[in-house]
Structure formats: C-alpha cells, structure tokens
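For reference, the structure is listed below as structure tokens.
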Amino acid sequence: MEPLDFDDTLNGAIGGPILSGWLPTASGLGDALSGLSAFGVAGLGLPLAELDDRLAVSTVSAELSPLEVLEPELPPAQSPDWLLSQWLDLGLQQFEAGNYAGAIEAFERCLELEPTASVALQGRAIALVGLGSYAEALPDLEDLIAQFPQQVDLWGNYGHALAGMGRYDEALAAYRHILTIDPNVVTAWLDCGRVLQQMERWSDAAAAYDRALNLQPTHAPAWYARGLLQKKLGQRSLALEAFERALSIDPYCKEAWNYRGTLLEDLGRPAEAREAYQRAIDLDPQYAEAWNNLGIALENQQVYNEALEAFRKSLDCDPYNPDVWNNCGLTLDSLNRLAEAVTAFDRSLSLTGNSYWKAWANRGWALWRLHGYAAALKNWNQGLESLDRSAADYALGCGILHYHKGRAHAEEGQRHTDPFPYLQEARLCFEQALTFLTPDRYANWYLEGVQGAIDTYRALGQTDRAQTLLHQATDLLRRMVRETDCTTQKVTLAAKLANFYQSGSSI
C-alpha cells in the first residue's frame, strides 16, 4: 500500500505565507524617514539631513542583544541634544539591521530625554509592528496620526498593525485613507489588495493589484502579489506569468523563484521546477522552504536519496517543521527504511501535539509494512482520537484517516478466503470518510473516497449504490475539467474520468 502522494498539495509543499513580507517591509522605517524628513525631529529643531552630519555612533550588529548594544560612549562635555541624536541614530541603525527589540530600547531612551521626539515615537511604533507587538504600537500610531494626519507612512503602519491583529476592515480603511490623500501611492493599492485577499474578496484584490500595476508597471512586489492571488485561485498559467514578470524586474526575489518552481511542477515541467528551486537556494542557502520543495520534486521523480538529502538540508535550516519531517518519513518509506520512517513521522507528531493527520496517515502504512494490518489500524484509530477538533482541517484529517482505514480493510480482505467481514468494515469506513470529504470542500479527496466506496460496493454486490456514486463522481469530474485552466490538470482529470467510466461499464 502506498503512503500519501507527494503531488498532493496537502502533503507539505510549502512556500512563504500569502502576505509574505507584509508587516516589516511594506512601510518600514526607511520609508518612514522619507516622510518624516519634512517635519524633522521634535524637540531638536533639526532636519534629518543635518542630524546625519551630527551622528557618530557606528553601526552595531543585529546579532547582539539590546542591552549589549545600547551603551554608546558619551563624552562628558556633550550636550543633551548630542546624546539624543546618538540614541536616535542607534535606534535607526538597529531597525535597519532588523534588531527591533534593540531599536525599541534605543528609541525609548530618546523619549526619556525628549518625550515628544516624533522620529523616536514613530521609530518605536514601527519597530513594535515589526516585532509583532501590534496592540502596543497602536496608541503611538494614533497619537502621531492626530498630529500629522497627512503623513501616509503613519497610516500605512497603522494599517499593518490592524491587519496583524486580524482587524481587516479597519486595516482596509486605513489603506484607503492613504488613497484619499494621494490616489497614486502604489504601495497603498498593493496593501489594499493584500488585505482584500486575506478577506477572500478575490475580485476586489485583483482590481487593487491592477491599479498598482497601472500606476507602476515595473513594480515587482505587485506582480508577486498578483501571482500569489492567481495561484490561490488555481490560475496556474497566469500565476506563473506574474511571477516571471516579477523576476524579470527583480531576479533576486527568492520567494518568486520558489513559487515559480511549485507552479512549473504543477504544470508538468519538473526539470524547470528543480532549476527554479535551485535559483532560490542559490540566493539564500538557508531557505528551508525551497529545500523542502526541491526534495518534493526529487521524490516525485523517484530520486529518493537526493530527495532525502534536500529534506535534511531543509531541517538543518528549520528543524521544527512537521511537514518536512513528514516528507522525510515518506522518502525513507520509499527507500524501505521503515523503522527510520516511523521515527520521522513520530518527530512530526511530537511537533504538533500528536494532532498532525498527515503524519498519522503515512505512519499507518509504514507500520502496515513493518507489523501488519492490526498495527496500522491501531495507528489510525489513535490518530482519530488525537486530532484537534478546533483545527480548521479537522474534518479533512478525519476523512482521510477513515479513508485509509477503508483501504486497509479492503486490502486485508484480499488475503482471506472469506473477505466479506473485511469488506463490510471497508464499506463503513469509506462511508464515514465521505461524510467529512464533501465535494464542495475537498473535491480531489472526495473522488478518492468515492472510488474506494464504489470498488467496495461492487465487491459486496451492491451495484445500485455503486452506480449512484459513479454518476455523482463523473458529474463532478466533468465540471472540474471544464473549470481548470491548467492543461496538465485537464489531462489528469480526464484520465481519472475515463477510469470512472471504465468502472461504470463493469458494474
């Protein structure tokens, strides 16, 4: 019996999150400075350009803790203004180095000296957003907006904080307010699109990205965001074109190379997919997602030892990813290293509080081959008891574990002279699976469950039930063939439809 296929997207093919890079980069402190320079530093009366000439603190590595970097040398004769400029410069340097905690402490030292220093207030607020402390950032941002209501960077970071808290309607209002100040702010249209995408308002998100691209056709982040949306909607060819447009403008975007690889693989172009993953890895050898996706591509091509090495590289970068441990287990299973496979699945489960259905599903087939039918069934029953009922994919996990139990019962029945008791158990499991794997939510898994149920009904002589399910499945497949824009997917679905028709001719 085979474990879950690697070409199932639910089996760990991962990339950056949908809103990758949203919070720190969409309106970072570098962007904020361009806006703040108009009103300088409150309490000093100096524009930033003049401050730059006065600052003397050298750049400090972001690797150090805040307390290790926040004690500049202070000549005793220097004025409070000089000290304030030192802390301000250190805060800016720490922010640019990505040390948000250090930046916050430096800006707070500024505020101890001058509580109304606007640059320090804004710097602290943006650093809090970068650190993910959204609720803490909001009061500062609201106070600053009251002082400077036309400052678009403040509204942008305010929107980021609200979005980070899941307050999407308010975030959208903040981004739209920017557009009332200046309708030509490309990043505001882009942020509108991102939050609309998070709200699943797909057509509105697409329209926002279009506005951004109409304003600036060479804006790589907008092409990248549009590619993510089209990928989400299953528009693979259009998504690939968008990522390629992004890369033609910015060939150093590792996430775009990674997503280009997943799309090329979906489109049946595995050699090009591997090249795309390798480009992403060349840009960042610590890019765990790209190593994982390269491993999946190699596994799909049955290059198992190389796939295992890619997964191990991914785990070197991020040892706490349950998907990658699950994929290691699958590859070890393919290499017939079953005990090691079970250990990898166990590691995946330990990282998720034993609630990861993919690892339970695959672990069952490794145990089947190691210890037989009873051990596999015990595993899947334990999995069903362990799943988190509050998880978004609880129904999917339950359906798939019941499906695998059905497969195991049917397989075991073939080993006995009287298969009837096993087929009855298989029937019950497939029927239970289909209560969870509904066609509107999980069409592909529903079809797998239907195929198992049809085969079992036929073996039990229940041809009417088999015929009913067959009609439902073929209707669904015809619709899926019509709706997909992916040629490879059309071919796959058409082949599956032909198999169902062949099954129908023998009922």
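Residue numbering restarts at 1 for every chain of the structure tokens, chains are lettered A, B, ... in their displayed order, and ligands are numbered from 1 as they appear.
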
Expected answer as a PyMOL selection string: alpha helix (DSSP H) residues in region 234-271 of chain A: chain A and resi 236-249+254-266+270-271

Interface rows for region 392-436 of chain A against region 343-365 of chain A: nearest pair, Å to one decimal, 10 Å, only C-alpha atoms, as a Markdown table:
```
| residue | atom | partner | partner_atom | distance |
| --- | --- | --- | --- | --- |
| A:Asp393 | CA | A:Trp357 | CA | 9.0 |
| A:Tyr394 | CA | A:Trp357 | CA | 8.5 |
| A:Leu396 | CA | A:Trp357 | CA | 8.6 |
| A:Gly397 | CA | A:Trp357 | CA | 5.2 |
| A:Cys398 | CA | A:Trp357 | CA | 7.8 |
| A:Gly399 | CA | A:Trp357 | CA | 9.9 |
| A:Ile400 | CA | A:Ala361 | CA | 7.4 |
| A:Leu401 | CA | A:Ala361 | CA | 5.9 |
| A:His402 | CA | A:Ala361 | CA | 9.5 |
| A:Tyr403 | CA | A:Ala361 | CA | 9.5 |
| A:His404 | CA | A:Ala361 | CA | 7.0 |
| A:Lys405 | CA | A:Gly364 | CA | 9.1 |
| A:Ala408 | CA | A:Trp365 | CA | 8.8 |
```

Contact residues around Asp282 (chain A) with only C-alpha atoms at 12 Å, ignoring same-chain residues under 6 positions, as a ChimeraX atom specification: /A:251-254,257-258,275-276,290-291

Surrounding residues of Glu244 (chain A) excluding itself and chain neighbours under 5 positions, 12 Å, only C-alpha atoms, as a ChimeraX atom specification: /A:220-221,223-224,226-227,237-239,249-253,255-261,263-264,276

Of the listed residues A:Arg407, A:His416, A:Arg236, A:Arg389, that which approaches Thr484 (chain A) most closely, counting only C-alpha atoms: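 For Thr484 (chain A), the nearest of the given residues is A:Arg236.
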
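The nearest approach to Tyr287 (chain A) among the residues A:Asp316, A:Glu112, A:Asp140, A:Glu431, with only C-alpha atoms taken into account, belongs to A:Asp316.
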
Tyr373 (chain A) environment, 12 Å, only C-alpha atoms, sequence neighbours closer than 3 positions dropped, as a count of residues only: 25

Best match for closeness to Leu215 (chain A) among A:Gly234, A:Pro183, A:Gly132, A:Gly98, counting only C-alpha atoms: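 Comparing A:Gly234, A:Pro183, A:Gly132, A:Gly98 against Leu215 (chain A), the winner is A:Pro183.
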
Within 12 Å of Pro421 (chain A) using only C-alpha atoms, minus same-chain residues under 2 positions, as a list in words: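 Once the nearby chain positions are removed, what remains is His409, Ala410, Glu412, Gly413, Gln414, His416, Thr417, Asp418, Pro419, Leu423, Gln424, Glu425, Ala426, Arg427, Leu428, Thr456, Ala459 and Leu460 of chain A.
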
Neighbour list for Ser334 (chain A) as a list in words, cut-off 10 Å, only C-alpha atoms, skip fewer than 5 positions in-chain: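 In the requested format, the answer is Glu2, Pro3, Glu299, Gln302, Tyr304, Asn305, Cys328, Gly329, Ala341 and Ala366 of chain A.
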